[in-house]
Structure formats: C-alpha cells, structure tokens
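Q: Structure supplied as protein-v3.txt; contents: compact mmCIF, C-alpha atoms.
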# COMPACT_ATOMS: atom_id res chain seq x y z
CA MET A 1 59.18 78.55 14.44
CA ASN A 2 58.74 79.58 18.07
CA THR A 3 58.03 83.18 17.01
CA SER A 4 55.31 82.03 14.58
CA HIS A 5 53.75 79.83 17.25
CA HIS A 6 53.84 82.74 19.69
CA LEU A 7 52.12 85.08 17.21
CA LEU A 8 49.42 82.52 16.43
CA SER A 9 48.78 81.95 20.12
CA ARG A 10 47.95 85.64 20.49
CA ILE A 11 45.12 85.38 17.92
CA PRO A 12 41.77 84.52 19.52
CA LEU A 13 40.55 80.97 18.92
CA ARG A 14 37.44 82.08 16.99
CA ALA A 15 39.55 84.26 14.68
CA ARG A 16 41.93 81.36 14.06
CA GLN A 17 39.00 79.10 13.21
CA THR A 18 37.67 81.72 10.79
CA LEU A 19 41.07 82.00 9.09
CA VAL A 20 41.31 78.23 8.70
CA THR A 21 37.77 78.10 7.24
CA LEU A 22 38.57 80.86 4.74
CA LEU A 23 41.81 79.13 3.73
CA LEU A 24 40.05 75.81 3.14
CA LEU A 25 37.32 77.56 1.16
CA PHE A 26 39.94 79.28 -1.01
CA LEU A 27 41.73 75.99 -1.67
CA PHE A 28 38.40 74.38 -2.56
CA LEU A 29 37.48 77.13 -5.03
CA LEU A 30 40.96 77.55 -6.52
CA PRO A 31 40.50 75.01 -9.38
CA ALA A 32 37.26 76.67 -10.43
CA LEU A 33 38.88 80.11 -10.29
CA LEU A 34 41.74 78.92 -12.47
CA GLN A 35 39.28 77.57 -15.04
CA ALA A 36 37.04 80.65 -15.04
CA ALA A 37 39.02 82.40 -17.75
CA PRO A 38 40.87 80.82 -20.65
CA ALA A 39 44.65 80.78 -20.80
CA VAL A 40 45.71 83.66 -23.01
CA HIS A 41 49.02 84.10 -24.77
CA ASP A 42 50.65 87.49 -24.52
CA ASP A 43 50.12 88.21 -28.20
CA TYR A 44 46.43 87.28 -28.31
CA ARG A 45 44.41 89.92 -30.16
CA LEU A 46 40.79 90.60 -29.30
CA GLY A 47 38.26 89.90 -32.03
CA PRO A 48 34.50 89.78 -32.65
CA GLY A 49 32.73 87.41 -30.27
CA ASP A 50 35.32 87.64 -27.46
CA LEU A 51 33.81 88.20 -24.02
CA VAL A 52 35.82 90.54 -21.76
CA ARG A 53 35.48 91.85 -18.23
CA VAL A 54 36.65 95.40 -17.64
CA GLN A 55 37.43 96.57 -14.11
CA VAL A 56 38.67 99.90 -12.78
CA PHE A 57 40.50 99.96 -9.45
CA GLN A 58 38.38 101.49 -6.67
CA ASN A 59 35.47 102.03 -9.07
CA PRO A 60 33.25 98.96 -8.84
CA ASP A 61 30.43 100.73 -10.71
CA LEU A 62 32.63 100.63 -13.81
CA THR A 63 32.98 96.82 -13.80
CA VAL A 64 31.46 95.58 -17.05
CA GLU A 65 31.29 92.32 -18.97
CA ALA A 66 30.93 92.97 -22.69
CA ARG A 67 31.21 91.03 -25.91
CA VAL A 68 33.27 92.48 -28.75
CA SER A 69 30.95 93.36 -31.63
CA GLU A 70 31.48 92.54 -35.30
CA ALA A 71 32.78 96.08 -35.67
CA GLY A 72 35.43 95.34 -33.01
CA SER A 73 34.06 97.57 -30.25
CA ILE A 74 32.46 97.28 -26.80
CA GLY A 75 30.01 99.58 -25.06
CA TYR A 76 31.45 101.07 -21.88
CA PRO A 77 29.88 103.36 -19.24
CA LEU A 78 30.54 107.10 -19.52
CA VAL A 79 32.63 106.89 -22.69
CA GLY A 80 30.31 104.92 -25.00
CA GLU A 81 31.76 102.72 -27.75
CA VAL A 82 35.44 101.80 -27.40
CA ARG A 83 37.21 100.03 -30.27
CA VAL A 84 39.29 97.12 -28.94
CA GLY A 85 39.27 94.74 -31.93
CA GLY A 86 42.80 93.79 -32.97
CA LEU A 87 44.28 94.97 -29.67
CA GLY A 88 46.09 92.91 -27.05
CA LEU A 89 44.70 92.98 -23.51
CA VAL A 90 47.28 95.52 -22.30
CA GLU A 91 46.55 97.76 -25.29
CA ALA A 92 42.80 97.50 -24.64
CA GLN A 93 43.37 98.49 -21.00
CA GLN A 94 45.31 101.54 -22.12
CA ARG A 95 42.66 102.57 -24.65
CA ILE A 96 39.85 102.42 -22.10
CA ALA A 97 41.98 104.28 -19.54
CA ASP A 98 42.75 106.98 -22.12
CA ALA A 99 39.03 107.36 -22.90
CA LEU A 100 38.18 107.78 -19.20
CA ARG A 101 41.04 110.25 -18.75
CA GLN A 102 40.29 112.31 -21.86
CA GLY A 103 36.62 112.51 -20.90
CA ARG A 104 37.73 113.83 -17.51
CA PHE A 105 35.79 111.12 -15.70
CA LEU A 106 38.85 109.83 -13.81
CA ARG A 107 42.24 111.42 -13.34
CA SER A 108 44.42 108.28 -13.22
CA PRO A 109 42.26 105.23 -13.98
CA GLN A 110 43.82 101.82 -13.39
CA VAL A 111 42.01 99.59 -15.86
CA THR A 112 42.22 95.80 -16.09
CA VAL A 113 40.79 93.76 -18.98
CA HIS A 114 40.27 90.01 -18.57
CA LEU A 115 39.38 87.67 -21.43
CA MET A 116 36.48 85.57 -20.19
CA GLN A 117 35.58 83.74 -23.39
CA ALA A 118 37.60 83.53 -26.59
CA ARG A 119 35.38 83.33 -29.64
CA GLY A 120 37.08 85.78 -31.94
CA HIS A 121 39.74 84.84 -34.49
CA GLN A 122 38.30 81.42 -35.11
CA VAL A 123 39.29 79.07 -37.91
CA ALA A 124 37.14 76.25 -39.29
CA VAL A 125 38.77 72.86 -39.86
CA LEU A 126 36.73 70.61 -42.14
CA GLY A 127 37.01 67.36 -44.06
CA GLN A 128 39.10 64.33 -43.21
CA VAL A 129 40.44 65.28 -39.77
CA ALA A 130 39.93 63.51 -36.45
CA ARG A 131 38.07 66.41 -34.78
CA PRO A 132 36.52 68.80 -37.32
CA GLY A 133 35.11 72.04 -35.95
CA ARG A 134 35.93 75.65 -35.13
CA PHE A 135 39.13 76.50 -33.26
CA ALA A 136 40.23 79.78 -31.69
CA LEU A 137 43.61 81.17 -32.71
CA GLU A 138 45.53 81.30 -29.44
CA THR A 139 48.21 83.61 -30.84
CA THR A 140 48.62 85.90 -33.82
CA ARG A 141 51.37 83.60 -35.15
CA MET A 142 49.50 80.29 -35.11
CA ARG A 143 50.36 78.22 -38.18
CA ALA A 144 48.46 75.68 -40.26
CA SER A 145 50.43 72.70 -38.89
CA GLU A 146 49.60 73.70 -35.29
CA LEU A 147 45.88 73.95 -35.99
CA LEU A 148 45.92 70.68 -37.90
CA ALA A 149 47.47 69.04 -34.83
CA ALA A 150 44.80 70.65 -32.61
CA ALA A 151 42.16 69.01 -34.83
CA GLY A 152 43.74 65.59 -34.24
CA GLY A 153 45.56 65.30 -37.56
CA ILE A 154 44.48 63.78 -40.87
CA THR A 155 42.47 60.55 -40.83
CA PRO A 156 43.60 57.48 -42.83
CA GLN A 157 40.98 58.39 -45.44
CA GLY A 158 42.34 61.91 -45.89
CA GLU A 159 44.63 63.19 -48.59
CA GLU A 160 48.03 64.51 -47.54
CA VAL A 161 47.17 68.06 -48.54
CA VAL A 162 45.35 70.91 -46.84
CA ILE A 163 43.41 73.58 -48.71
CA ILE A 164 43.37 76.94 -46.92
CA SER A 165 40.89 79.59 -47.97
CA GLY A 166 39.98 82.97 -46.54
CA GLN A 167 40.62 86.67 -47.05
CA ARG A 168 43.92 88.54 -47.35
CA ASP A 169 43.94 92.31 -47.81
CA GLY A 170 40.24 92.21 -48.66
CA GLN A 171 40.73 89.72 -51.49
CA PRO A 172 39.76 86.02 -51.70
CA PHE A 173 42.68 83.80 -50.75
CA ARG A 174 43.32 80.11 -51.45
CA ARG A 175 46.45 78.03 -50.90
CA LEU A 176 47.19 74.30 -51.11
CA ILE A 177 49.72 72.91 -48.63
CA ASP A 178 51.66 69.66 -49.06
CA VAL A 179 51.56 68.28 -45.50
CA PRO A 180 54.43 65.73 -45.69
CA ALA A 181 56.69 68.42 -47.19
CA LEU A 182 56.11 70.57 -44.09
CA PHE A 183 57.68 67.96 -41.85
CA THR A 184 60.46 66.81 -44.13
CA GLY A 185 61.83 70.35 -44.44
CA GLY A 186 61.04 70.69 -48.12
CA ALA A 187 58.38 73.39 -47.82
CA VAL A 188 58.63 75.07 -44.43
CA ASP A 189 57.61 78.37 -46.01
CA GLN A 190 54.22 76.83 -46.88
CA ASP A 191 53.28 76.57 -43.19
CA LEU A 192 51.10 79.67 -43.34
CA VAL A 193 50.22 81.95 -40.45
CA LEU A 194 46.45 81.75 -40.13
CA MET A 195 43.95 84.56 -39.73
CA GLY A 196 40.48 84.70 -38.23
CA GLY A 197 37.87 83.49 -40.70
CA ASP A 198 40.20 81.09 -42.51
CA THR A 199 38.99 77.60 -43.42
CA LEU A 200 41.19 74.50 -43.55
CA PHE A 201 39.84 71.65 -45.64
CA VAL A 202 41.36 68.17 -45.92
CA PRO A 203 39.85 66.35 -48.93
CA ARG A 204 39.27 62.62 -49.10
CA ALA A 205 42.21 60.74 -50.60
CA PRO A 206 41.74 59.40 -54.15
CA VAL A 207 41.12 55.66 -54.43
CA PHE A 208 41.39 52.85 -56.97
CA TYR A 209 39.39 49.64 -57.15
CA ILE A 210 40.56 46.08 -57.65
CA TYR A 211 38.34 43.08 -58.28
CA GLY A 212 38.26 39.71 -59.98
CA GLU A 213 40.81 37.08 -58.99
CA ALA A 214 42.43 39.22 -56.28
CA GLN A 215 43.01 38.05 -52.71
CA ARG A 216 41.34 41.16 -51.17
CA PRO A 217 39.17 42.92 -53.75
CA GLY A 218 37.78 46.35 -52.90
CA PRO A 219 38.65 50.08 -52.87
CA TYR A 220 42.13 51.24 -51.76
CA ARG A 221 43.76 54.57 -51.12
CA ILE A 222 46.26 55.70 -53.76
CA GLU A 223 49.65 56.35 -52.22
CA ARG A 224 52.07 58.79 -53.78
CA GLY A 225 53.84 57.42 -56.85
CA MET A 226 51.87 54.19 -56.64
CA THR A 227 52.25 51.81 -59.61
CA LEU A 228 49.86 49.12 -60.80
CA MET A 229 52.21 46.47 -59.38
CA GLN A 230 51.99 48.10 -55.95
CA ALA A 231 48.22 48.40 -56.33
CA LEU A 232 48.01 44.69 -57.05
CA ALA A 233 50.12 43.99 -53.96
CA ALA A 234 47.80 46.17 -51.83
CA GLY A 235 44.98 43.81 -52.82
CA GLY A 236 47.00 40.82 -51.67
CA GLY A 237 48.08 39.80 -55.17
CA PRO A 238 46.28 37.33 -57.47
CA THR A 239 44.53 34.26 -56.16
CA PRO A 240 45.89 30.83 -57.27
CA ARG A 241 43.47 31.07 -60.18
CA GLY A 242 44.47 34.62 -61.12
CA SER A 243 47.33 36.00 -63.17
CA ALA A 244 49.34 39.20 -62.63
CA THR A 245 50.04 39.30 -66.37
CA ARG A 246 46.37 39.24 -67.35
CA LEU A 247 45.09 42.51 -65.94
CA ARG A 248 42.44 44.72 -67.47
CA LEU A 249 42.48 48.42 -66.59
CA HIS A 250 39.32 50.53 -66.76
CA ARG A 251 40.27 54.20 -66.75
CA LYS A 252 38.20 57.29 -67.41
CA GLY A 253 39.58 59.42 -70.22
CA SER A 254 39.63 63.21 -70.56
CA ASP A 255 36.27 63.04 -72.40
CA GLY A 256 34.68 61.20 -69.49
CA GLN A 257 34.49 57.89 -71.32
CA VAL A 258 35.91 54.74 -69.70
CA VAL A 259 38.68 53.12 -71.73
CA GLN A 260 39.78 49.50 -71.27
CA SER A 261 43.40 48.48 -71.78
CA ALA A 262 46.02 45.84 -70.97
CA PRO A 263 48.26 47.91 -68.66
CA VAL A 264 51.96 47.75 -67.92
CA LEU A 265 52.62 46.97 -64.25
CA THR A 266 55.09 49.85 -63.91
CA GLU A 267 52.65 52.59 -64.92
CA ALA A 268 51.13 54.90 -62.31
CA VAL A 269 47.71 54.41 -60.78
CA HIS A 270 45.16 57.16 -61.44
CA PRO A 271 42.21 58.17 -59.23
CA ASP A 272 39.16 55.92 -59.77
CA ASP A 273 41.11 53.32 -61.78
CA VAL A 274 39.44 49.92 -61.80
CA ILE A 275 41.84 46.98 -62.02
CA TYR A 276 40.38 43.62 -63.03
CA VAL A 277 42.49 40.53 -62.32
CA ARG A 278 41.58 37.85 -64.85
CA GLU A 279 41.96 34.12 -64.51
CA SER A 280 45.15 32.44 -65.66
CA LEU A 281 45.03 30.63 -68.98
CA PHE A 282 46.61 27.53 -67.47
Any chance you could give the structure as structure tokens?
A:
Amino acid sequence: MNTSHHLLSRIPLRARQTLVTLLLLFLFLLPALLQAAPAVHDDYRLGPGDLVRVQVFQNPDLTVEARVSEAGSIGYPLVGEVRVGGLGLVEAQQRIADALRQGRFLRSPQVTVHLMQARGHQVAVLGQVARPGRFALETTRMRASELLAAAGGITPQGEEVVIISGQRDGQPFRRLIDVPALFTGGAVDQDLVLMGGDTLFVPRAPVFYIYGEAQRPGPYRIERGMTLMQALAAGGGPTPRGSATRLRLHRKGSDGQVVQSAPVLTEAVHPDDVIYVRESLF
C-alpha cells in the first residue's frame, strides 16, 4: 500500500488527473461497448446478412466492415471476394489470413473477425405464439423447443403441435412435432435441429361450439381426448331448464354436409362440432 502511494505521488498532478478522467470515461462507455456487438456462441456459423468487422494487427488500412452476401462471401481489400459463409469466426479469420499470405501481401497477418450484426441463419416463427417474428439461430445446434421458448411459447388459442418446413439437402422438408410429447420424454428425437430458412408454424387449435340451454354458450378449444360430456362441462353444464340427456349434435360429414344426431356423451368431440342443449321435457 505504501509502495503504491509512493509511486502515485511521483506522477505529476496533471497526469494523475488525466488518468482519472480517462478511467471515468472508460467506465462510462463500457456498457455501450459491451452492447456494440452481439453475444456469439463458439459454434455460430456466418451466414448471408451477417455484418462483420475484419481487422489486421498493425494494418489499419485493412479494417473493413462488410455484410455477408447471399453467396456467402465478403469483399476484402487486395484479395477480392472471400467466402466465409458457413464458417465460424476463427475459421473466417484463418481464411482471410491465408488469402493475404498466399497473395504475398503480408507475411504473417494477424486477422480478427468480429460479428457486428447477426442476420444470417434466421428462422421465422408464425401463428399462435406470443412473439411471432424472425429469430437468429445462436448456435448450429439450436432446436425447435428452444426457438419456441424464445418466441414466448404457444398462446392459449394455439394447437399443441408445431409444423416445421424448410429445405434439407436441396429438397422441400416438412415435419409435424407433438409439443407435449417433447417435454414428457415420449418424443425427444422429434426436437429437430433447425437450419437457416426454416419456418415454424403453430396453427390455431380446433374448437367446438355449444349453445341452447347451456350455462356458458360459445366456442371452446378442443382438448386432447375430449368427450361430449367434458365439452358440456366446459360450457358450465345445462341450465335449470336444460337437459344433459337431450343434446343435438351438428357434425359435418366427409361429404361436407352437416348431419344432426342424438349423441352419446362418451363419444369424442370433433373439430367444428356444434352441440345444442335442448330444454328438459319436465
């Protein structure tokens, strides 16, 4: 402590004031500096739309900010187009350094690549989610459940399935995922690893309708394995004037025509069923 105080006392007052000013300025700017570039996982792969800054130690003229093209390349001084799409940041640094070395522009270039803006490898999340939109894949192993969580999860109006579409090996790809099965351990292998350009779509859940002498008539979401008895309960049951044994079911047949019937309470509810609760005879 005494040694440090002795060393500081030997620094002129003006120099000490300058050092303190610079330190305070650095502390003030530190939050902005930390937010200037996005956090990048080690296995992030560059893709079209990503904005990168390339710097070469002791060669400020070679500092460039460039956006990765649709072809996966950036334009760089002296060497022209350099393909960096699909590469990690360290691999991109090595490729640019190799190009400078092979062109005999620099003997031992020390190249640094910073990701300034991540726009490549995006996935669209649509339909019944809390925050629909486009999301960047933070890693090359990001799965459907992780992106669904990033979008805020499925809304109460959404069905418990996710439809994933995109391209795999140059061919159209489509897969339906049972979301509850992912978290109950029944279908862990369905939690697909996503790729840039994929689309996740959560459809609206199917509904049934109940009216007549029901406590709360209206449309209701169909739960899995739901029976007509459970559907009647969702509507609050019959009013004092209604009867649970005098239901009329309006259901669309395979030919598109609506068929009326006197249903059994234990049968399953179908999408767009209309349940009419009639008055009691007594």
Q: Neighbouring residues of Arg174 (chain A) were defined as those with any atom within 8 Å, considering all atoms listed in the file; residues of the same chain fewer than 4 positions away were excluded. Please report them as a ChimeraX atom specification.
A: /A:163-166
Q: When you look at region 201-209 of chain A with a cut-off of 9 Å (counting only C-alpha atoms), what residues show up, excluding the ones that are within fewer than 2 positions of it in the same chain? I need them as a PDB file with C-alpha atoms, in the frame of the given file.
A:
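Below is the file that was written, result36.pdb:
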ATOM      1  CA  ALA A 124      37.140  76.250 -39.290  1.00  0.00           C
ATOM      2  CA  VAL A 125      38.770  72.860 -39.860  1.00  0.00           C
ATOM      3  CA  LEU A 126      36.730  70.610 -42.140  1.00  0.00           C
ATOM      4  CA  GLY A 127      37.010  67.360 -44.060  1.00  0.00           C
ATOM      5  CA  GLN A 128      39.100  64.330 -43.210  1.00  0.00           C
ATOM      6  CA  VAL A 129      40.440  65.280 -39.770  1.00  0.00           C
ATOM      7  CA  ILE A 154      44.480  63.780 -40.870  1.00  0.00           C
ATOM      8  CA  PRO A 156      43.600  57.480 -42.830  1.00  0.00           C
ATOM      9  CA  GLN A 157      40.980  58.390 -45.440  1.00  0.00           C
ATOM     10  CA  GLY A 158      42.340  61.910 -45.890  1.00  0.00           C
ATOM     11  CA  GLU A 159      44.630  63.190 -48.590  1.00  0.00           C
ATOM     12  CA  GLU A 160      48.030  64.510 -47.540  1.00  0.00           C
ATOM     13  CA  VAL A 161      47.170  68.060 -48.540  1.00  0.00           C
ATOM     14  CA  VAL A 162      45.350  70.910 -46.840  1.00  0.00           C
ATOM     15  CA  ILE A 163      43.410  73.580 -48.710  1.00  0.00           C
ATOM     16  CA  ILE A 164      43.370  76.940 -46.920  1.00  0.00           C
ATOM     17  CA  SER A 165      40.890  79.590 -47.970  1.00  0.00           C
ATOM     18  CA  THR A 199      38.990  77.600 -43.420  1.00  0.00           C
ATOM     19  CA  TYR A 211      38.340  43.080 -58.280  1.00  0.00           C
ATOM     20  CA  PRO A 217      39.170  42.920 -53.750  1.00  0.00           C
ATOM     21  CA  GLY A 218      37.780  46.350 -52.900  1.00  0.00           C
ATOM     22  CA  PRO A 219      38.650  50.080 -52.870  1.00  0.00           C
ATOM     23  CA  TYR A 220      42.130  51.240 -51.760  1.00  0.00           C
ATOM     24  CA  ARG A 221      43.760  54.570 -51.120  1.00  0.00           C
ATOM     25  CA  ILE A 222      46.260  55.700 -53.760  1.00  0.00           C
ATOM     26  CA  GLU A 223      49.650  56.350 -52.220  1.00  0.00           C
ATOM     27  CA  ALA A 231      48.220  48.400 -56.330  1.00  0.00           C
ATOM     28  CA  VAL A 269      47.710  54.410 -60.780  1.00  0.00           C
ATOM     29  CA  HIS A 270      45.160  57.160 -61.440  1.00  0.00           C
ATOM     30  CA  PRO A 271      42.210  58.170 -59.230  1.00  0.00           C
ATOM     31  CA  ASP A 272      39.160  55.920 -59.770  1.00  0.00           C
ATOM     32  CA  ASP A 273      41.110  53.320 -61.780  1.00  0.00           C
ATOM     33  CA  VAL A 274      39.440  49.920 -61.800  1.00  0.00           C
ATOM     34  CA  ILE A 275      41.840  46.980 -62.020  1.00  0.00           C
ATOM     35  CA  TYR A 276      40.380  43.620 -63.030  1.00  0.00           C
TER      36      TYR A 276
END
Q: One decimal, in Å: what's the spacing between CA of Ala262 (chain A) and CA of Gly236 (chain A)?
A: 20.0 Å
Q: Please check which residues have atoms at most 10 Å from (50.8, 35.2, -65.1) in the file's coordinates, counting only C-alpha atoms, and write them as a ChimeraX atom specification.
A: /A:238,241-247,278-282
Q: Could you write out the selected residues, including C-alpha atoms, as a CSV table (one decimal), keeping the file's coordinate frame?
A:
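That gives us again.csv:
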chain,number,residue,atom,x,y,z
A,238,PRO,CA,46.3,37.3,-57.5
A,241,ARG,CA,43.5,31.1,-60.2
A,242,GLY,CA,44.5,34.6,-61.1
A,243,SER,CA,47.3,36.0,-63.2
A,244,ALA,CA,49.3,39.2,-62.6
A,245,THR,CA,50.0,39.3,-66.4
A,246,ARG,CA,46.4,39.2,-67.4
A,247,LEU,CA,45.1,42.5,-65.9
A,278,ARG,CA,41.6,37.8,-64.8
A,279,GLU,CA,42.0,34.1,-64.5
A,280,SER,CA,45.2,32.4,-65.7
A,281,LEU,CA,45.0,30.6,-69.0
A,282,PHE,CA,46.6,27.5,-67.5
Q: Give me, please, the distance in Å between CA of Leu147 (chain A) and CA of Phe135 (chain A), quoted to one decimal.
A: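 Atom-to-atom, CA of Leu147 (chain A) to CA of Phe135 (chain A), that is 7.7 Å.
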Q: I want to know what sits within 12 Å of Asn59 (chain A), based on all atoms listed in the file, with residues of the same chain fewer than 3 positions away left out; could you give that as a PyMOL selection string?
A: chain A and resi 54-56+62-64+77+100+105-106+108-112
Q: Quick one: of A:Ala97, A:Met226, A:Leu192, A:Ala150, who's nearest to Gly133 (chain A), counting only C-alpha atoms?
A: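 Smallest separation from Gly133 (chain A) among the options: A:Ala150.
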Q: May I have the residues within 12 Å of Gln167 (chain A) as a list of chain:residue names, using only C-alpha atoms and disregarding those fewer than 6 positions away in the same chain?
A: A:Val123, A:Phe173, A:Arg174, A:Arg175, A:Leu194, A:Met195, A:Gly196, A:Gly197, A:Asp198, A:Thr199
Q: Go ahead and compute the interatomic distance for CA of Leu182 (chain A) and CA of Glu267 (chain A), in Å to one decimal.
A: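 Distance reported for this atom pair: 27.7 Å.
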Q: Measuring between all atoms listed in the file, which one of A:Arg95, A:Arg143, A:His114, A:His121 shows the shortest distance to Gly47 (chain A)?
A: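 Closest to Gly47 (chain A) of all the choices is A:His121.
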